[in-house]
Protein chains: 2
Amino acid sequence: MKIKNCYFPLFVSPGVLEKEKDHVEGFAPEVAWVTKSGKSDLEVPIAIRPTSETVMYPYYSKWIRGHRDLPLRLNQWCNVVRWEFSNPTPFIRSREFLWQEGHTAFATKEEADAEVLDILELYRRIYEEFLAVPVIKGKKSELEKFAGGLYTTTVEAFIPNTGRGIQGATSHCLGQNFAKMFEINFENEKGEKAMVWQNSWAYTTRTIGVMIMVHGDDKGLVLPPKVAATQVIVIPVPYKDADTQGILDACAATVKTLSESGIRAEADFRDNYSPGWKYSHWEMKGIPLRIEIGPKDLANKQVRVVRRDNSAKSDIPMDSLVEKVREVLDEIQQNLFSVAKQKKEACIKVVKTWEEFLEALSQKKLILAPWCDEEEVEKSVKERTKGEMGAVKTLCSPFDQPELPEGTLCFASGKPAKKWSYWGRSY
Amino acid sequence: MKIKNCYFPLFVSPGVLEKEKDHVEGFAPEVAWVTKSGKSDLEVPIAIRPTSETVMYPYYSKWIRGHRDLPLRLNQWCNVVRWEFSNPTPFIRSREFLWQEGHTAFATKEEADAEVLDILELYRRIYEEFLAVPVIKGKKSELEKFAGGLYTTTVEAFIPNTGRGIQGATSHCLGQNFAKMFEINFENEKGEKAMVWQNSWAYTTRTIGVMIMVHGDDKGLVLPPKVAATQVIVIPVPYKDADTQGILDACAATVKTLSESGIRAEADFRDNYSPGWKYSHWEMKGIPLRIEIGPKDLANKQVRVVRRDNSAKSDIPMDSLVEKVREVLDEIQQNLFSVAKQKKEACIKVVKTWEEFLEALSQKKLILAPWCDEEEVEKSVKERTKGEMGAVKTLCSPFDQPELPEGTLCFASGKPAKKWSYWGRSY
């Protein structure tokens, strides 16, 4: 996609941070300020980036002169800090997190619009094809869009156990708001002065938290094979009077064979833990596939494999090891996604009235409701549902809209509905 | 090397930061403190990591129980902040920089000692084989070693133009100092309680600054081919009445052929700049090799190549393009290293007396002198040479020690010399 990697500083001066009014209003309460170095007070406190629009765009203004400098497409992998006061949750809501943030500038809105969706599709693929987490593509409401942007698209996930939605990753069209404040202008093909159209988009270490919550069970983590650092754990199962050395050798050979074929395998040769203890240990760590090798397996030239996702056991002949392990890993990847998708879909509840809405909410459903698309109505829904569990908000208006028959009314305001929207409590 | 990547937080609490006394004394003046979020003062200010020993080792204490948990070898790629008050210089001395920091724990000092040198050798290879910068391997003096560590090894570079040494990267043996303060203990094979031996080691974005200063010239950057993001820039040289489209097509084909062979090539097709302007532009950006294609080249089925390092020009037949370009890139890489090495070696001056030392210093030499290895003497040399240009200090005691005949005296104190050491002003 011709996007180049770059790196901009962690610190941002108050002057540029405060340049785009809506943007700073959105982020100001969460900004961490460095005011001291050693024992000395700084003359001017300096902020830690909550996001890098204001760090990068003063340079975009310098670098972009003519239409031949466009598109400008940069990405950085870095940490950002948002001093959240609500419950910190590892990976999901933490004061520091890691992300990639892409920042692009185009000559036309059409190009910017197209890129917003191209990136969103990449995010959907990360979730669905790698993390095995089903997501819903859609657009955020005006209240929930990125501070200072024109519109925000999102991939939304849902955690059935807690009945909460979670924003997976967002791709924003910033329009020309930042271009105006940071004077990012160019001479177009006709020699006229024009303003760029900008996007920004990011996915974060939150993806890890979503994956953990969607697949984890009472035994611990469950990692999809495609993203597991270790895909296969090999455990020797020696018996008294058995050929222990032969078993250890077979385990080492199994790891070697798998590793040479690009499968990420390790063995646990520790002699101060029992096989049973090791099974639980590696289940807790979510390793997708366990291979056990005992005297019988050795004799039969086979290994026993046990899946983390459904505990299914089977025997694999040593001479088709790689091929069969690869097959099982693919099945696990597919199965995790199918199960997660079924669970999510079972949670979707279409409602048309406030009463149905409240009932679905009490049942921890992912609620799809016709909405008048008015900001005041979203605020009032928040107000009416606030409490210990947190208020309900819109998650997104899905791109894939069900039919909306003429005369359908908003579930909350009773006014004519303009679109279907997902609603729920969220992380 | 079985080192695993990890990530620890940016923030460190005052409690753990101050646990190792020498360590905090070394870093305290440079630590940036967050004291506010939004408009609220934090109850307890929190520090930004200047390095991560104190962030990581509380966890090492929890994770390490028995000898089977050792060695523990983790690495993280991250940013750190040191609020330097001396002249900030891009890449060389900046308040935020990027690095990898490795943190390892071993059961024995022997293993730790061996790893210190294994890592140092990797750093030498990064400098010499990739950045084409010659370095000297050696040990830091007690005054210059890592705060809180046992000993520090270093690869030192030298900038002939300014006559200053520069620390390239360091690999530290921490001994058991941190293990003691953070209680990193384990049960050894005999069932006895023991303390781990630790190392930490890092190389930073400073490598980029060293590379720029060693190879750069009056036309701008000079990038070694192995690390250049773009290795070859292809520039069309159209003439009036010539087959412009044919030339553009040949340029595009050249980029395609090179790219498909893994050579990082781009073309500059902008039509609002002259070829001459483009030559200067890409020279300034340090691209190792320029390919020009004009009507004659097209007719002769050849391209003209121009080296950035020595301006040498030659013609390459299109049908041996990849092979020849690869050869030339290898030659450039070799030549940059040879030239830098010759220049550095021409700067080395062996001195035996204070007078010779001062003369060599005024000639911007890299000074090798016999030294008594006493901290007070290094301090006094610093004191006697301080001034506008900055004080002189030891750069390192090279592992490769010249013979030191019995009776050789320290150049500074007149006491019996114990070793040869490099001295100089530094970045």
# chains A, B, ... in the order shown; residues from 1 in each chain; ligands from 1
>>> residues_around(residues="segment 196-204 of chain A", least_positions_apart="4", cutoff="6 Å", atoms="only C-alpha atoms", output="list in words")
Leu98, Trp99, Gln100, Glu101, Gly102, His103, Thr104, Ala105, Phe106, Ala107, Lys109, Ala169, Thr170, Ser171, His172, Cys173, Leu174, Gly175 and Gln176 of chain A
>>> closest_atom_pairs(of="chain B", to="chain A", cutoff="7 Å", atoms="only C-alpha atoms", output="tab-separated table")
residue	atom	partner	partner_atom	distance
B:Ala28	CA	A:Gly38	CA	5.6
B:Pro29	CA	A:Gly38	CA	4.2
B:Glu30	CA	A:Gly38	CA	5.5
B:Val31	CA	A:Gly38	CA	5.1
B:Ala32	CA	A:Ser37	CA	4.3
B:Trp33	CA	A:Lys36	CA	5.2
B:Val34	CA	A:Val34	CA	4.2
B:Thr35	CA	A:Thr35	CA	6.3
B:Lys36	CA	A:Trp33	CA	5.2
B:Ser37	CA	A:Ala32	CA	4.3
B:Gly38	CA	A:Pro29	CA	4.2
B:Lys39	CA	A:Pro29	CA	7.0
B:Trp83	CA	A:Ser37	CA	6.3
>>> residues_around(residues="Glu183 of chain A", least_positions_apart="6", cutoff="9 Å", atoms="only C-alpha atoms", output="list in words")
Tyr57, Pro58, Tyr60, Ser61 and Met195 of chain A
>>> residues_around(residues="Lys137 of chain B", least_positions_apart="5", cutoff="9 Å", atoms="only C-alpha atoms", output="ChimeraX atom specification")
/B:120-121,124,153-156,396-400
>>> residues_around(residues="Asn300 of chain A", least_positions_apart="5", cutoff="9 Å", atoms="only C-alpha atoms", output="list in words")
Pro295, Pro317 and Met318 of chain A
>>> closest_residue(among="B:Val133, B:Cys6, B:Leu150, B:Ile316", to="Ala229 of chain A", atoms="only C-alpha atoms")
B:Cys6
>>> residues_around(residues="Val234 of chain A", least_positions_apart="6", cutoff="12 Å", atoms="only C-alpha atoms", output="PyMOL selection string")
chain A and resi 247-259+264-270+275+278-279+282+287-294+303-306
>>> write_last_selection(atoms="N, CA, C and O atoms", output="compact mmCIF listing (two decimals), in the first residue's frame")
# COMPACT_ATOMS: atom_id res chain seq x y z
N ILE A 247 12.29 -41.83 24.81
CA ILE A 247 11.15 -40.90 24.80
C ILE A 247 11.64 -39.46 24.67
O ILE A 247 11.11 -38.68 23.87
N LEU A 248 12.67 -39.12 25.44
CA LEU A 248 13.21 -37.75 25.36
C LEU A 248 13.75 -37.47 23.96
O LEU A 248 13.52 -36.39 23.40
N ASP A 249 14.43 -38.45 23.38
CA ASP A 249 14.96 -38.29 22.03
C ASP A 249 13.83 -38.08 21.02
O ASP A 249 13.93 -37.24 20.12
N ALA A 250 12.75 -38.86 21.18
CA ALA A 250 11.61 -38.73 20.26
C ALA A 250 10.99 -37.34 20.39
O ALA A 250 10.57 -36.74 19.39
N CYS A 251 10.92 -36.82 21.62
CA CYS A 251 10.37 -35.47 21.83
C CYS A 251 11.25 -34.43 21.13
O CYS A 251 10.74 -33.53 20.43
N ALA A 252 12.56 -34.53 21.32
CA ALA A 252 13.49 -33.58 20.69
C ALA A 252 13.38 -33.67 19.17
O ALA A 252 13.36 -32.65 18.48
N ALA A 253 13.28 -34.91 18.65
CA ALA A 253 13.17 -35.09 17.20
C ALA A 253 11.87 -34.48 16.68
O ALA A 253 11.84 -33.89 15.59
N THR A 254 10.79 -34.62 17.46
CA THR A 254 9.50 -34.07 17.06
C THR A 254 9.58 -32.54 16.97
O THR A 254 9.12 -31.94 15.99
N VAL A 255 10.19 -31.92 17.98
CA VAL A 255 10.34 -30.46 17.95
C VAL A 255 11.16 -30.04 16.74
O VAL A 255 10.82 -29.09 16.03
N LYS A 256 12.24 -30.79 16.48
CA LYS A 256 13.12 -30.45 15.37
C LYS A 256 12.37 -30.54 14.03
O LYS A 256 12.40 -29.63 13.21
N THR A 257 11.66 -31.65 13.84
CA THR A 257 10.92 -31.85 12.60
C THR A 257 9.89 -30.73 12.39
O THR A 257 9.77 -30.15 11.31
N LEU A 258 9.14 -30.42 13.46
CA LEU A 258 8.10 -29.39 13.34
C LEU A 258 8.74 -28.03 13.07
O LEU A 258 8.29 -27.28 12.20
N SER A 259 9.80 -27.70 13.83
CA SER A 259 10.44 -26.39 13.69
C SER A 259 10.97 -26.20 12.27
O SER A 259 10.86 -25.12 11.70
N ARG A 264 5.85 -23.56 15.08
CA ARG A 264 6.53 -23.09 16.29
C ARG A 264 6.29 -24.08 17.44
O ARG A 264 5.23 -24.08 18.07
N ALA A 265 7.29 -24.93 17.67
CA ALA A 265 7.15 -26.01 18.65
C ALA A 265 8.24 -25.92 19.71
O ALA A 265 9.36 -25.50 19.43
N GLU A 266 7.89 -26.30 20.94
CA GLU A 266 8.86 -26.40 22.02
C GLU A 266 8.56 -27.66 22.84
O GLU A 266 7.43 -28.14 22.84
N ALA A 267 9.59 -28.14 23.54
CA ALA A 267 9.38 -29.28 24.43
C ALA A 267 9.60 -28.83 25.87
O ALA A 267 10.34 -27.89 26.13
N ASP A 268 8.91 -29.47 26.80
CA ASP A 268 9.11 -29.19 28.22
C ASP A 268 9.81 -30.40 28.85
O ASP A 268 9.18 -31.39 29.19
N PHE A 269 11.14 -30.25 28.97
CA PHE A 269 11.94 -31.38 29.47
C PHE A 269 12.18 -31.31 30.97
O PHE A 269 12.98 -32.07 31.50
N ARG A 270 11.56 -30.39 31.67
CA ARG A 270 11.83 -30.26 33.11
C ARG A 270 11.55 -31.58 33.83
O ARG A 270 10.52 -32.21 33.58
N PRO A 275 4.09 -35.03 34.22
CA PRO A 275 3.38 -34.73 32.97
C PRO A 275 2.05 -34.03 33.24
O PRO A 275 1.71 -33.06 32.56
N LYS A 278 2.42 -30.45 33.90
CA LYS A 278 2.78 -29.74 32.67
C LYS A 278 1.57 -29.53 31.76
O LYS A 278 1.43 -28.49 31.12
N TYR A 279 0.69 -30.54 31.70
CA TYR A 279 -0.52 -30.39 30.87
C TYR A 279 -1.28 -29.12 31.31
O TYR A 279 -1.63 -28.27 30.49
N TRP A 282 0.60 -25.72 30.53
CA TRP A 282 0.58 -25.24 29.14
C TRP A 282 -0.83 -24.98 28.64
O TRP A 282 -1.03 -24.18 27.72
N ILE A 287 -1.45 -22.77 24.83
CA ILE A 287 -0.80 -23.36 23.66
C ILE A 287 -1.82 -24.21 22.89
O ILE A 287 -2.46 -25.09 23.47
N PRO A 288 -1.99 -23.94 21.58
CA PRO A 288 -3.08 -24.57 20.82
C PRO A 288 -3.05 -26.10 20.80
O PRO A 288 -4.09 -26.74 20.85
N LEU A 289 -1.84 -26.68 20.74
CA LEU A 289 -1.78 -28.13 20.59
C LEU A 289 -0.71 -28.73 21.50
O LEU A 289 0.40 -28.24 21.57
N ARG A 290 -1.09 -29.82 22.19
CA ARG A 290 -0.12 -30.53 23.02
C ARG A 290 0.19 -31.87 22.38
O ARG A 290 -0.71 -32.55 21.87
N ILE A 291 1.47 -32.22 22.36
CA ILE A 291 1.86 -33.55 21.89
C ILE A 291 2.44 -34.30 23.08
O ILE A 291 3.31 -33.80 23.78
N GLU A 292 1.92 -35.51 23.32
CA GLU A 292 2.43 -36.36 24.39
C GLU A 292 3.15 -37.55 23.77
O GLU A 292 2.65 -38.14 22.82
N ILE A 293 4.30 -37.87 24.29
CA ILE A 293 5.00 -39.08 23.81
C ILE A 293 5.36 -39.96 24.99
O ILE A 293 6.14 -39.56 25.86
N GLY A 294 4.76 -41.14 25.04
CA GLY A 294 5.04 -42.13 26.08
C GLY A 294 5.58 -43.42 25.46
O GLY A 294 5.81 -43.47 24.25
N VAL A 303 2.52 -40.22 17.81
CA VAL A 303 2.43 -39.29 18.94
C VAL A 303 0.94 -39.07 19.21
O VAL A 303 0.11 -39.23 18.32
N ARG A 304 0.67 -38.71 20.47
CA ARG A 304 -0.71 -38.37 20.81
C ARG A 304 -0.83 -36.85 20.79
O ARG A 304 0.03 -36.15 21.34
N VAL A 305 -1.87 -36.33 20.13
CA VAL A 305 -2.08 -34.88 20.12
C VAL A 305 -3.38 -34.54 20.84
O VAL A 305 -4.38 -35.27 20.72
N VAL A 306 -3.35 -33.45 21.61
CA VAL A 306 -4.52 -33.01 22.37
C VAL A 306 -4.77 -31.53 22.06
O VAL A 306 -3.88 -30.70 22.25
>>> atom_distance(atom1="atom CA of Leu70 of chain A", atom2="atom CA of Phe182 of chain A")
16.4 Å
>>> closest_residue(among="B:Gly168, B:Gly407, B:Gly148, B:Gly163", to="Lys180 of chain B", atoms="only C-alpha atoms")
B:Gly148
